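Let me begin by presenting the structure, written as structure tokens, before commenting on it.
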Amino acid sequence: MMKTIIEPFKIKSVEPIKFTTVPEREDILKKACYNPFLIPAEDVLIDLLTDSGTSAMSARQWSGVMDGDESYAGSRSFFRFERAVKRLTGFRYIIPTHQGRAAEKILFTLVGGKGKFVPNNTHFDTTRANVEYSGAEAVDFQTEEGKQPALVADFKGNMNTEALETFINEKGAKNIPLCILTVTNNSGGGQPVSMANLKETKRILKRYKIPLFLDACRFAENAYFIKKRERAYAGRTVFEIAREMFSYADGCTMSAKKDALVNMGGFLAVNDADLAGQARNILIVTEGFPTYGGLAGRDLEAIAQGLEEIVDEHYLRYRIRSVEYLGEKLILAGVPIVQPPGGHAIYLDAARFAKHIPPHQYPGQSIVCELFRAGGIRSVEIGSVMFGKYDAKTGKLISPSMELVRLAIPRRVYTQSHVDYVVEVVHEVYGRRNLLKGYRIVEEPPMLRHFTAKFLPIR
Ligand SMILES: *Cc1c(COP(=O)(O)O)cnc(C)c1O
């Protein structure tokens, strides 16, 4: 008989969580202007806002923290970090940054600009913001499969390669400085990209001499899905699969806050010596000297150790299974979710969950607020709040193709009973979904509005 898949670790250190009542949480929500990003973390019972920087570090990582070399130049910890990244990615030039978006900022400052286009399977919000801030246009090429939340398929994170090629012919290869594959595809539902799709994307780009970059935040989760779902890879190790994924790319940006199991960090890695030189010049102005970037030596140690731990297949089996477990329980309760469960999160399909709330009244935001009110669970809307845009002429809201609520699972943090509690709360809220109210935005910044926008429920 198949035994239960257990957490492949023991807990050495714990952190208490604070319990609150429904009336207390109503007050907290009101003070936070109904935006989960504005809720003090202390007031959250189960925090599923993000899997970014929320991992529990291992004893070995913590000992690396003590062992970090804080020399300004040529730190031993930098060389350990550089070795770990090179061993995994095979890229020649490794540039540490304080997090993923700092790597994006440097990259698009160099290759972006007005009149340029950057294709991606789906841009993550900071990637899109950095591309657009440079003046370039960020264009998504999700597959038709990937756009259907209820459809079960193995690789819904894939790039629509036919549409990509048509686009290259239309816009001209010289206007496309590089193309990105986000693995796993975060905004598209945490879904993986197949090796076949990676290869096909590379084949097309090579013909037009366009470099391929990976947005590699969740490379290990993606590699594990390839092992499980792409027959030719069943016998390969996750490390080998990851190596092969990187081998098709010319560089990557990475947020170490995801699959490097640390609380802060990132890097830019490239093969092109010129690009690396220019990137380091910007790095020195904005982040720091090239052997620490925006990080302390201890952070670099923790990343190096984390990159070794993340490819452990006992860990990945537990990780993917625990997310799938949450998905299965919700499906059993009839709750509409993006299928199949992704690598780092379960996405509630808000458009079906709260059918009566139109996109411009933010159904996802409404569910987010209710999950907090009912159970102290913090989640995040990924839909019209995060990706909605106003039409320049009419001022009307243009909504993205999906309205989702993300329940992101921090790595190695919550146990099965935490997850069972989450299932109970979502189930309860789903039971009275018809009573959910729409929201309106009363204040918003010009970019990345979901972080700071203020909302009010519509009466
Ligand atoms: C988190 C993330 C980023 C940005 O990284 P930060 O470390 O948060 O700046 C970029 N792309 C993807 C796919 C991400 O998940």
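Each chain in the structure tokens gets a letter, A, B and so on, in the order shown; residues start at 1 in every chain, and ligands are counted from 1 in the order they appear.
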Please identify every polymer residue within 9 Å of ligand 1, using only C-alpha atoms and all ligand atoms, and present the set as a PDB file with N, CA, C and O atoms, in the first residue's frame.
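In the end it all went to pocket_28.pdb:
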ATOM      1  N   THR A  50       1.552  34.869   0.027  1.00  0.00           N
ATOM      2  CA  THR A  50       2.594  34.569  -0.959  1.00  0.00           C
ATOM      3  C   THR A  50       3.506  33.443  -0.464  1.00  0.00           C
ATOM      4  O   THR A  50       3.609  33.207   0.742  1.00  0.00           O
ATOM      5  N   ASP A  51       4.154  32.796  -1.414  1.00  0.00           N
ATOM      6  CA  ASP A  51       5.186  31.819  -1.075  1.00  0.00           C
ATOM      7  C   ASP A  51       6.555  32.477  -1.196  1.00  0.00           C
ATOM      8  O   ASP A  51       7.572  31.809  -1.161  1.00  0.00           O
ATOM      9  N   SER A  52       6.558  33.799  -1.359  1.00  0.00           N
ATOM     10  CA  SER A  52       7.794  34.525  -1.638  1.00  0.00           C
ATOM     11  C   SER A  52       8.469  35.012  -0.364  1.00  0.00           C
ATOM     12  O   SER A  52       7.912  35.840   0.359  1.00  0.00           O
ATOM     13  N   GLY A  53       9.647  34.482  -0.087  1.00  0.00           N
ATOM     14  CA  GLY A  53      10.403  34.936   1.086  1.00  0.00           C
ATOM     15  C   GLY A  53       9.814  34.441   2.392  1.00  0.00           C
ATOM     16  O   GLY A  53      10.216  34.878   3.464  1.00  0.00           O
ATOM     17  N   HIS A  98      19.222  42.032  -4.705  1.00  0.00           N
ATOM     18  CA  HIS A  98      18.526  41.864  -3.427  1.00  0.00           C
ATOM     19  C   HIS A  98      17.230  41.081  -3.582  1.00  0.00           C
ATOM     20  O   HIS A  98      16.749  40.473  -2.634  1.00  0.00           O
ATOM     21  N   GLN A  99      16.624  41.080  -4.745  1.00  0.00           N
ATOM     22  CA  GLN A  99      15.528  40.147  -5.023  1.00  0.00           C
ATOM     23  C   GLN A  99      15.296  40.070  -6.519  1.00  0.00           C
ATOM     24  O   GLN A  99      16.030  40.700  -7.296  1.00  0.00           O
ATOM     25  N   GLY A 100      14.295  39.301  -6.940  1.00  0.00           N
ATOM     26  CA  GLY A 100      14.078  39.054  -8.366  1.00  0.00           C
ATOM     27  C   GLY A 100      13.859  40.321  -9.178  1.00  0.00           C
ATOM     28  O   GLY A 100      14.421  40.491 -10.263  1.00  0.00           O
ATOM     29  N   ARG A 101      13.063  41.222  -8.652  1.00  0.00           N
ATOM     30  CA  ARG A 101      12.735  42.421  -9.428  1.00  0.00           C
ATOM     31  C   ARG A 101      13.938  43.321  -9.666  1.00  0.00           C
ATOM     32  O   ARG A 101      13.955  44.085 -10.626  1.00  0.00           O
ATOM     33  N   ALA A 102      14.927  43.244  -8.799  1.00  0.00           N
ATOM     34  CA  ALA A 102      16.133  44.046  -8.993  1.00  0.00           C
ATOM     35  C   ALA A 102      16.905  43.507 -10.197  1.00  0.00           C
ATOM     36  O   ALA A 102      17.476  44.275 -10.980  1.00  0.00           O
ATOM     37  N   ALA A 103      16.895  42.194 -10.364  1.00  0.00           N
ATOM     38  CA  ALA A 103      17.507  41.577 -11.544  1.00  0.00           C
ATOM     39  C   ALA A 103      16.736  41.988 -12.798  1.00  0.00           C
ATOM     40  O   ALA A 103      17.324  42.311 -13.837  1.00  0.00           O
ATOM     41  N   GLU A 104      15.408  42.012 -12.683  1.00  0.00           N
ATOM     42  CA  GLU A 104      14.568  42.426 -13.821  1.00  0.00           C
ATOM     43  C   GLU A 104      14.832  43.883 -14.181  1.00  0.00           C
ATOM     44  O   GLU A 104      14.934  44.248 -15.356  1.00  0.00           O
ATOM     45  N   THR A 122       3.603  34.059 -19.542  1.00  0.00           N
ATOM     46  CA  THR A 122       2.794  35.059 -18.840  1.00  0.00           C
ATOM     47  C   THR A 122       3.718  35.878 -17.958  1.00  0.00           C
ATOM     48  O   THR A 122       4.447  35.304 -17.133  1.00  0.00           O
ATOM     49  N   HIS A 123       3.700  37.180 -18.122  1.00  0.00           N
ATOM     50  CA  HIS A 123       4.529  38.038 -17.273  1.00  0.00           C
ATOM     51  C   HIS A 123       4.009  38.017 -15.845  1.00  0.00           C
ATOM     52  O   HIS A 123       2.814  38.177 -15.613  1.00  0.00           O
ATOM     53  N   PHE A 124       4.918  37.861 -14.906  1.00  0.00           N
ATOM     54  CA  PHE A 124       4.588  38.103 -13.509  1.00  0.00           C
ATOM     55  C   PHE A 124       4.455  39.619 -13.332  1.00  0.00           C
ATOM     56  O   PHE A 124       4.980  40.378 -14.131  1.00  0.00           O
ATOM     57  N   ASP A 125       3.760  40.057 -12.271  1.00  0.00           N
ATOM     58  CA  ASP A 125       3.453  41.495 -12.179  1.00  0.00           C
ATOM     59  C   ASP A 125       4.690  42.403 -12.145  1.00  0.00           C
ATOM     60  O   ASP A 125       4.730  43.418 -12.824  1.00  0.00           O
ATOM     61  N   THR A 126       5.738  41.996 -11.390  1.00  0.00           N
ATOM     62  CA  THR A 126       6.924  42.872 -11.331  1.00  0.00           C
ATOM     63  C   THR A 126       7.692  42.846 -12.657  1.00  0.00           C
ATOM     64  O   THR A 126       8.312  43.841 -13.030  1.00  0.00           O
ATOM     65  N   THR A 127       7.641  41.708 -13.340  1.00  0.00           N
ATOM     66  CA  THR A 127       8.325  41.608 -14.630  1.00  0.00           C
ATOM     67  C   THR A 127       7.648  42.541 -15.629  1.00  0.00           C
ATOM     68  O   THR A 127       8.304  43.324 -16.318  1.00  0.00           O
ATOM     69  N   THR A 182       8.479  31.849 -18.096  1.00  0.00           N
ATOM     70  CA  THR A 182       8.335  31.874 -16.645  1.00  0.00           C
ATOM     71  C   THR A 182       8.025  30.454 -16.181  1.00  0.00           C
ATOM     72  O   THR A 182       7.006  29.879 -16.578  1.00  0.00           O
ATOM     73  N   VAL A 183       8.937  29.898 -15.378  1.00  0.00           N
ATOM     74  CA  VAL A 183       8.763  28.513 -14.905  1.00  0.00           C
ATOM     75  C   VAL A 183       8.751  28.481 -13.374  1.00  0.00           C
ATOM     76  O   VAL A 183       9.642  29.004 -12.758  1.00  0.00           O
ATOM     77  N   THR A 184       7.710  27.895 -12.795  1.00  0.00           N
ATOM     78  CA  THR A 184       6.417  27.624 -13.391  1.00  0.00           C
ATOM     79  C   THR A 184       5.723  28.944 -13.716  1.00  0.00           C
ATOM     80  O   THR A 184       6.159  29.993 -13.268  1.00  0.00           O
ATOM     81  N   ASN A 185       4.648  28.823 -14.467  1.00  0.00           N
ATOM     82  CA  ASN A 185       3.915  30.008 -14.890  1.00  0.00           C
ATOM     83  C   ASN A 185       3.048  30.502 -13.726  1.00  0.00           C
ATOM     84  O   ASN A 185       1.973  29.977 -13.467  1.00  0.00           O
ATOM     85  N   ASN A 186       3.529  31.504 -13.038  1.00  0.00           N
ATOM     86  CA  ASN A 186       2.908  31.971 -11.794  1.00  0.00           C
ATOM     87  C   ASN A 186       1.507  32.532 -12.029  1.00  0.00           C
ATOM     88  O   ASN A 186       0.513  31.999 -11.529  1.00  0.00           O
ATOM     89  N   SER A 187       1.427  33.589 -12.812  1.00  0.00           N
ATOM     90  CA  SER A 187       0.137  34.271 -12.996  1.00  0.00           C
ATOM     91  C   SER A 187      -0.855  33.383 -13.740  1.00  0.00           C
ATOM     92  O   SER A 187      -2.052  33.521 -13.584  1.00  0.00           O
ATOM     93  N   GLY A 190       0.288  28.865 -11.670  1.00  0.00           N
ATOM     94  CA  GLY A 190       1.324  28.024 -11.058  1.00  0.00           C
ATOM     95  C   GLY A 190       1.534  26.745 -11.848  1.00  0.00           C
ATOM     96  O   GLY A 190       1.943  25.720 -11.319  1.00  0.00           O
ATOM     97  N   ASP A 215      12.517  33.052 -16.410  1.00  0.00           N
ATOM     98  CA  ASP A 215      12.170  33.641 -15.123  1.00  0.00           C
ATOM     99  C   ASP A 215      12.076  32.406 -14.229  1.00  0.00           C
ATOM    100  O   ASP A 215      11.088  31.681 -14.235  1.00  0.00           O
ATOM    101  N   ALA A 216      13.189  32.141 -13.521  1.00  0.00           N
ATOM    102  CA  ALA A 216      13.441  30.798 -12.981  1.00  0.00           C
ATOM    103  C   ALA A 216      12.992  30.600 -11.535  1.00  0.00           C
ATOM    104  O   ALA A 216      13.361  29.605 -10.905  1.00  0.00           O
ATOM    105  N   CYS A 217      12.176  31.510 -11.017  1.00  0.00           N
ATOM    106  CA  CYS A 217      11.810  31.483  -9.590  1.00  0.00           C
ATOM    107  C   CYS A 217      11.444  30.099  -9.067  1.00  0.00           C
ATOM    108  O   CYS A 217      11.808  29.738  -7.960  1.00  0.00           O
ATOM    109  N   ARG A 218      10.704  29.326  -9.865  1.00  0.00           N
ATOM    110  CA  ARG A 218      10.234  28.013  -9.394  1.00  0.00           C
ATOM    111  C   ARG A 218      10.732  26.895 -10.305  1.00  0.00           C
ATOM    112  O   ARG A 218       9.993  25.988 -10.669  1.00  0.00           O
ATOM    113  N   THR A 253      16.546  35.369 -14.787  1.00  0.00           N
ATOM    114  CA  THR A 253      16.378  36.165 -13.576  1.00  0.00           C
ATOM    115  C   THR A 253      15.777  35.210 -12.556  1.00  0.00           C
ATOM    116  O   THR A 253      15.061  34.283 -12.923  1.00  0.00           O
ATOM    117  N   MET A 254      16.112  35.430 -11.315  1.00  0.00           N
ATOM    118  CA  MET A 254      15.617  34.501 -10.297  1.00  0.00           C
ATOM    119  C   MET A 254      15.346  35.246  -9.003  1.00  0.00           C
ATOM    120  O   MET A 254      16.160  36.053  -8.561  1.00  0.00           O
ATOM    121  N   SER A 255      14.199  34.951  -8.433  1.00  0.00           N
ATOM    122  CA  SER A 255      13.925  35.393  -7.084  1.00  0.00           C
ATOM    123  C   SER A 255      14.253  34.230  -6.172  1.00  0.00           C
ATOM    124  O   SER A 255      13.556  33.218  -6.179  1.00  0.00           O
ATOM    125  N   ALA A 256      15.307  34.375  -5.384  1.00  0.00           N
ATOM    126  CA  ALA A 256      15.721  33.294  -4.484  1.00  0.00           C
ATOM    127  C   ALA A 256      14.708  33.096  -3.362  1.00  0.00           C
ATOM    128  O   ALA A 256      14.781  32.134  -2.602  1.00  0.00           O
ATOM    129  N   LYS A 257      13.751  34.031  -3.270  1.00  0.00           N
ATOM    130  CA  LYS A 257      12.713  33.950  -2.244  1.00  0.00           C
ATOM    131  C   LYS A 257      11.726  32.823  -2.523  1.00  0.00           C
ATOM    132  O   LYS A 257      10.854  32.546  -1.716  1.00  0.00           O
ATOM    133  N   LYS A 258      11.825  32.205  -3.669  1.00  0.00           N
ATOM    134  CA  LYS A 258      10.951  31.073  -4.004  1.00  0.00           C
ATOM    135  C   LYS A 258      11.774  29.797  -3.853  1.00  0.00           C
ATOM    136  O   LYS A 258      12.001  29.343  -2.750  1.00  0.00           O
ATOM    137  N   MET A 264      15.265  36.405   1.564  1.00  0.00           N
ATOM    138  CA  MET A 264      15.599  37.541   0.713  1.00  0.00           C
ATOM    139  C   MET A 264      16.718  37.159  -0.248  1.00  0.00           C
ATOM    140  O   MET A 264      17.653  36.450   0.153  1.00  0.00           O
ATOM    141  N   GLY A 265      16.613  37.630  -1.474  1.00  0.00           N
ATOM    142  CA  GLY A 265      17.712  37.373  -2.405  1.00  0.00           C
ATOM    143  C   GLY A 265      17.244  37.110  -3.824  1.00  0.00           C
ATOM    144  O   GLY A 265      16.059  36.852  -4.075  1.00  0.00           O
ATOM    145  N   GLY A 266      18.180  37.207  -4.756  1.00  0.00           N
ATOM    146  CA  GLY A 266      17.876  36.927  -6.147  1.00  0.00           C
ATOM    147  C   GLY A 266      19.146  37.032  -6.958  1.00  0.00           C
ATOM    148  O   GLY A 266      20.219  37.301  -6.411  1.00  0.00           O
TER     149      GLY A 266
END
Which residues in region 63-232 of chain A does DSSP call alpha helix (DSSP H)? List them as a CSV table (one decimal) with C-alpha atoms, in the first residue's frame.
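states.csv was written with the following content:
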chain,number,residue,atom,x,y,z
A,63,SER,CA,24.4,27.7,10.2
A,64,GLY,CA,25.4,29.2,6.9
A,65,VAL,CA,24.0,32.5,8.1
A,66,MET,CA,26.4,32.3,11.1
A,67,ASP,CA,29.2,31.3,8.8
A,76,ARG,CA,34.0,33.6,0.5
A,77,SER,CA,30.2,33.4,0.7
A,78,PHE,CA,29.9,35.0,-2.8
A,79,PHE,CA,32.2,32.3,-4.3
A,80,ARG,CA,30.1,29.6,-2.7
A,81,PHE,CA,26.9,31.2,-4.0
A,82,GLU,CA,28.5,31.6,-7.5
A,83,ARG,CA,29.6,28.0,-7.5
A,84,ALA,CA,26.1,26.8,-6.5
A,85,VAL,CA,24.4,28.9,-9.2
A,86,LYS,CA,26.8,28.0,-11.9
A,87,ARG,CA,26.6,24.3,-11.1
A,88,LEU,CA,22.8,24.4,-11.4
A,89,THR,CA,22.4,26.8,-14.3
A,100,GLY,CA,14.1,39.1,-8.4
A,101,ARG,CA,12.7,42.4,-9.4
A,102,ALA,CA,16.1,44.0,-9.0
A,103,ALA,CA,17.5,41.6,-11.5
A,104,GLU,CA,14.6,42.4,-13.8
A,105,LYS,CA,15.1,46.1,-13.4
A,106,ILE,CA,18.8,45.8,-14.4
A,107,LEU,CA,18.0,43.5,-17.4
A,108,PHE,CA,15.2,45.7,-18.8
A,109,THR,CA,17.1,48.9,-18.3
A,110,LEU,CA,19.7,47.4,-20.6
A,111,VAL,CA,17.5,45.7,-23.2
A,125,ASP,CA,3.5,41.5,-12.2
A,126,THR,CA,6.9,42.9,-11.3
A,127,THR,CA,8.3,41.6,-14.6
A,128,ARG,CA,5.6,43.3,-16.5
A,129,ALA,CA,6.1,46.5,-14.5
A,130,ASN,CA,9.8,46.5,-15.2
A,131,VAL,CA,9.4,45.9,-18.9
A,132,GLU,CA,6.8,48.6,-19.2
A,133,TYR,CA,8.8,51.1,-17.0
A,161,THR,CA,4.7,29.0,-29.8
A,162,GLU,CA,2.7,29.5,-33.0
A,163,ALA,CA,1.4,32.8,-31.8
A,164,LEU,CA,4.9,33.7,-30.7
A,165,GLU,CA,6.3,33.1,-34.1
A,166,THR,CA,3.5,35.1,-35.8
A,167,PHE,CA,4.2,37.9,-33.5
A,168,ILE,CA,7.9,37.9,-34.2
A,169,ASN,CA,7.2,38.1,-37.9
A,170,GLU,CA,4.7,40.9,-37.4
A,171,LYS,CA,6.9,43.1,-35.1
A,195,MET,CA,10.6,20.5,-21.7
A,196,ALA,CA,9.2,20.0,-25.2
A,197,ASN,CA,7.7,23.5,-25.1
A,198,LEU,CA,10.9,24.9,-23.8
A,199,LYS,CA,12.8,23.3,-26.7
A,200,GLU,CA,10.3,24.4,-29.3
A,201,THR,CA,10.4,28.0,-27.9
A,202,LYS,CA,14.2,27.9,-28.2
A,203,ARG,CA,14.1,26.5,-31.7
A,204,ILE,CA,11.9,29.3,-32.9
A,205,LEU,CA,13.9,32.0,-31.1
A,206,LYS,CA,17.2,30.6,-32.5
A,207,ARG,CA,16.0,31.0,-36.0
A,219,PHE,CA,12.6,26.0,-11.6
A,220,ALA,CA,12.7,23.0,-9.2
A,221,GLU,CA,8.9,22.7,-8.9
A,222,ASN,CA,8.7,22.9,-12.7
A,223,ALA,CA,11.5,20.3,-13.1
A,224,TYR,CA,9.6,18.0,-10.8
A,225,PHE,CA,6.4,18.3,-12.9
A,226,ILE,CA,8.5,17.4,-16.0
A,227,LYS,CA,9.8,14.3,-14.2
A,228,LYS,CA,6.3,13.2,-13.3
A,229,ARG,CA,4.5,14.2,-16.5
So which residues of region 205-415 of chain A fall under strand (DSSP E) by DSSP, listed as a PyMOL selection string? chain A and resi 212-215+251-255+266-270+345-349+377-378+380-382+389-390+397-398+404-408
Can you tell me which residues surround Pro211 (chain A) at a distance of at most 10 Å, considering only C-alpha atoms, apart from same-chain residues fewer than 2 positions away, and format the answer as number ranges by chain? A: 176-180, 202, 205-206, 208-209, 213, 248-251
Name all residues at most 7 Å from Ile95 (chain A) (count only C-alpha atoms; drop same-chain ones fewer than 3 positions away) and give them as a VMD selection string. chain A and resid 267 to 269 290 293
Determine, counting only C-alpha atoms, which protein, DNA and RNA residues have an atom within 7 Å of an atom of Ala136 (chain A); residues of the same chain fewer than 3 positions away are not included. Present the result as a compact mmCIF listing (two decimals) with all heavy atoms, in the first residue's frame.
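The resulting file, around.txt, is reproduced below:
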# COMPACT_ATOMS: atom_id res chain seq x y z
N GLY A 112 15.48 46.90 -22.65
CA GLY A 112 14.13 47.40 -22.93
C GLY A 112 14.17 48.72 -23.69
O GLY A 112 15.14 49.02 -24.37
N GLY A 113 13.09 49.47 -23.56
CA GLY A 113 13.02 50.79 -24.20
C GLY A 113 11.86 50.89 -25.17
O GLY A 113 11.27 49.88 -25.56
N LYS A 114 11.56 52.11 -25.54
CA LYS A 114 10.42 52.38 -26.41
C LYS A 114 10.55 51.66 -27.75
O LYS A 114 11.65 51.55 -28.29
CB LYS A 114 10.34 53.89 -26.65
CG LYS A 114 8.92 54.41 -26.61
CD LYS A 114 8.86 55.91 -26.67
CE LYS A 114 7.55 56.40 -27.25
NZ LYS A 114 6.35 55.83 -26.65
N GLY A 115 9.43 51.12 -28.23
CA GLY A 115 9.43 50.45 -29.52
C GLY A 115 9.82 48.98 -29.45
O GLY A 115 9.77 48.27 -30.44
N LYS A 116 10.22 48.53 -28.25
CA LYS A 116 10.61 47.12 -28.09
C LYS A 116 9.44 46.30 -27.52
O LYS A 116 8.55 46.85 -26.86
CB LYS A 116 11.78 47.00 -27.10
CG LYS A 116 13.00 47.81 -27.50
CD LYS A 116 14.01 46.92 -28.22
CE LYS A 116 15.19 47.70 -28.78
NZ LYS A 116 16.07 48.23 -27.74
N PHE A 117 9.49 45.00 -27.80
CA PHE A 117 8.46 44.09 -27.30
C PHE A 117 9.12 42.93 -26.56
O PHE A 117 10.13 42.40 -27.03
CB PHE A 117 7.64 43.52 -28.45
CG PHE A 117 6.93 44.57 -29.24
CD1 PHE A 117 7.56 45.18 -30.33
CD2 PHE A 117 5.65 44.99 -28.89
CE1 PHE A 117 6.92 46.17 -31.06
CE2 PHE A 117 5.01 45.97 -29.61
CZ PHE A 117 5.63 46.58 -30.69
N VAL A 131 9.34 45.78 -17.47
CA VAL A 131 9.37 45.89 -18.94
C VAL A 131 8.71 47.21 -19.34
O VAL A 131 9.26 48.00 -20.12
CB VAL A 131 8.63 44.70 -19.59
CG1 VAL A 131 8.41 44.94 -21.07
CG2 VAL A 131 9.40 43.39 -19.36
N GLU A 132 7.55 47.46 -18.78
CA GLU A 132 6.78 48.65 -19.19
C GLU A 132 7.45 49.94 -18.71
O GLU A 132 7.40 50.95 -19.39
CB GLU A 132 5.33 48.54 -18.68
CG GLU A 132 4.57 47.45 -19.45
CD GLU A 132 3.15 47.22 -18.97
OE1 GLU A 132 2.79 47.76 -17.90
OE2 GLU A 132 2.42 46.49 -19.66
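Taking CA of Arg317 (chain A) as the reference point, CA of Val238 (chain A) is found at 10.9 Å.
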Spatial neighbours of Ile5 (chain A), 10 Å, only C-alpha atoms, chain gap at least 4 places, as a PyMOL selection string: chain A and resi 314+317-319+321-322
Distance CA of Glu443 (chain A)-CA of Ala392 (chain A), one decimal place?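 Calculated distance between CA of Glu443 (chain A) and CA of Ala392 (chain A) is 18.4 Å.
With CA of Ala232 (chain A) on one side and CA of Glu244 (chain A) on the other, the separation reads 12.7 Å.
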Out of A:His418, A:Arg432, A:Lys147, A:Lys396, which residue has the shortest atom-to-atom distance to Asp349 (chain A) when counting only C-alpha atoms?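 Residue with the minimum atom-to-atom distance to Asp349 (chain A): A:Lys147.
Nearest residue to Cys252 (chain A) among A:Ala153, A:Arg92, A:Lys3, A:Asn121 is A:Arg92, counting only C-alpha atoms.
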Contacts of Val380 (chain A) at 9 Å or less, counting only C-alpha atoms, minus same-chain residues fewer than 6 places along, as a count of residues only? 14
Which one of A:Leu275, A:Leu283, A:Val193, A:Leu448 sits closest to Gly343 (chain A) if you count only C-alpha atoms?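 Of A:Leu275, A:Leu283, A:Val193, A:Leu448, the one nearest Gly343 (chain A) is A:Val193, counting only C-alpha atoms.
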Determine the nearest neighbour of Ala333 (chain A) from the options A:Ala276, A:Arg411, A:Gly294, A:Val426, counting only C-alpha atoms.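 Between A:Ala276, A:Arg411, A:Gly294, A:Val426, the residue approaching Ala333 (chain A) most closely is A:Val426.
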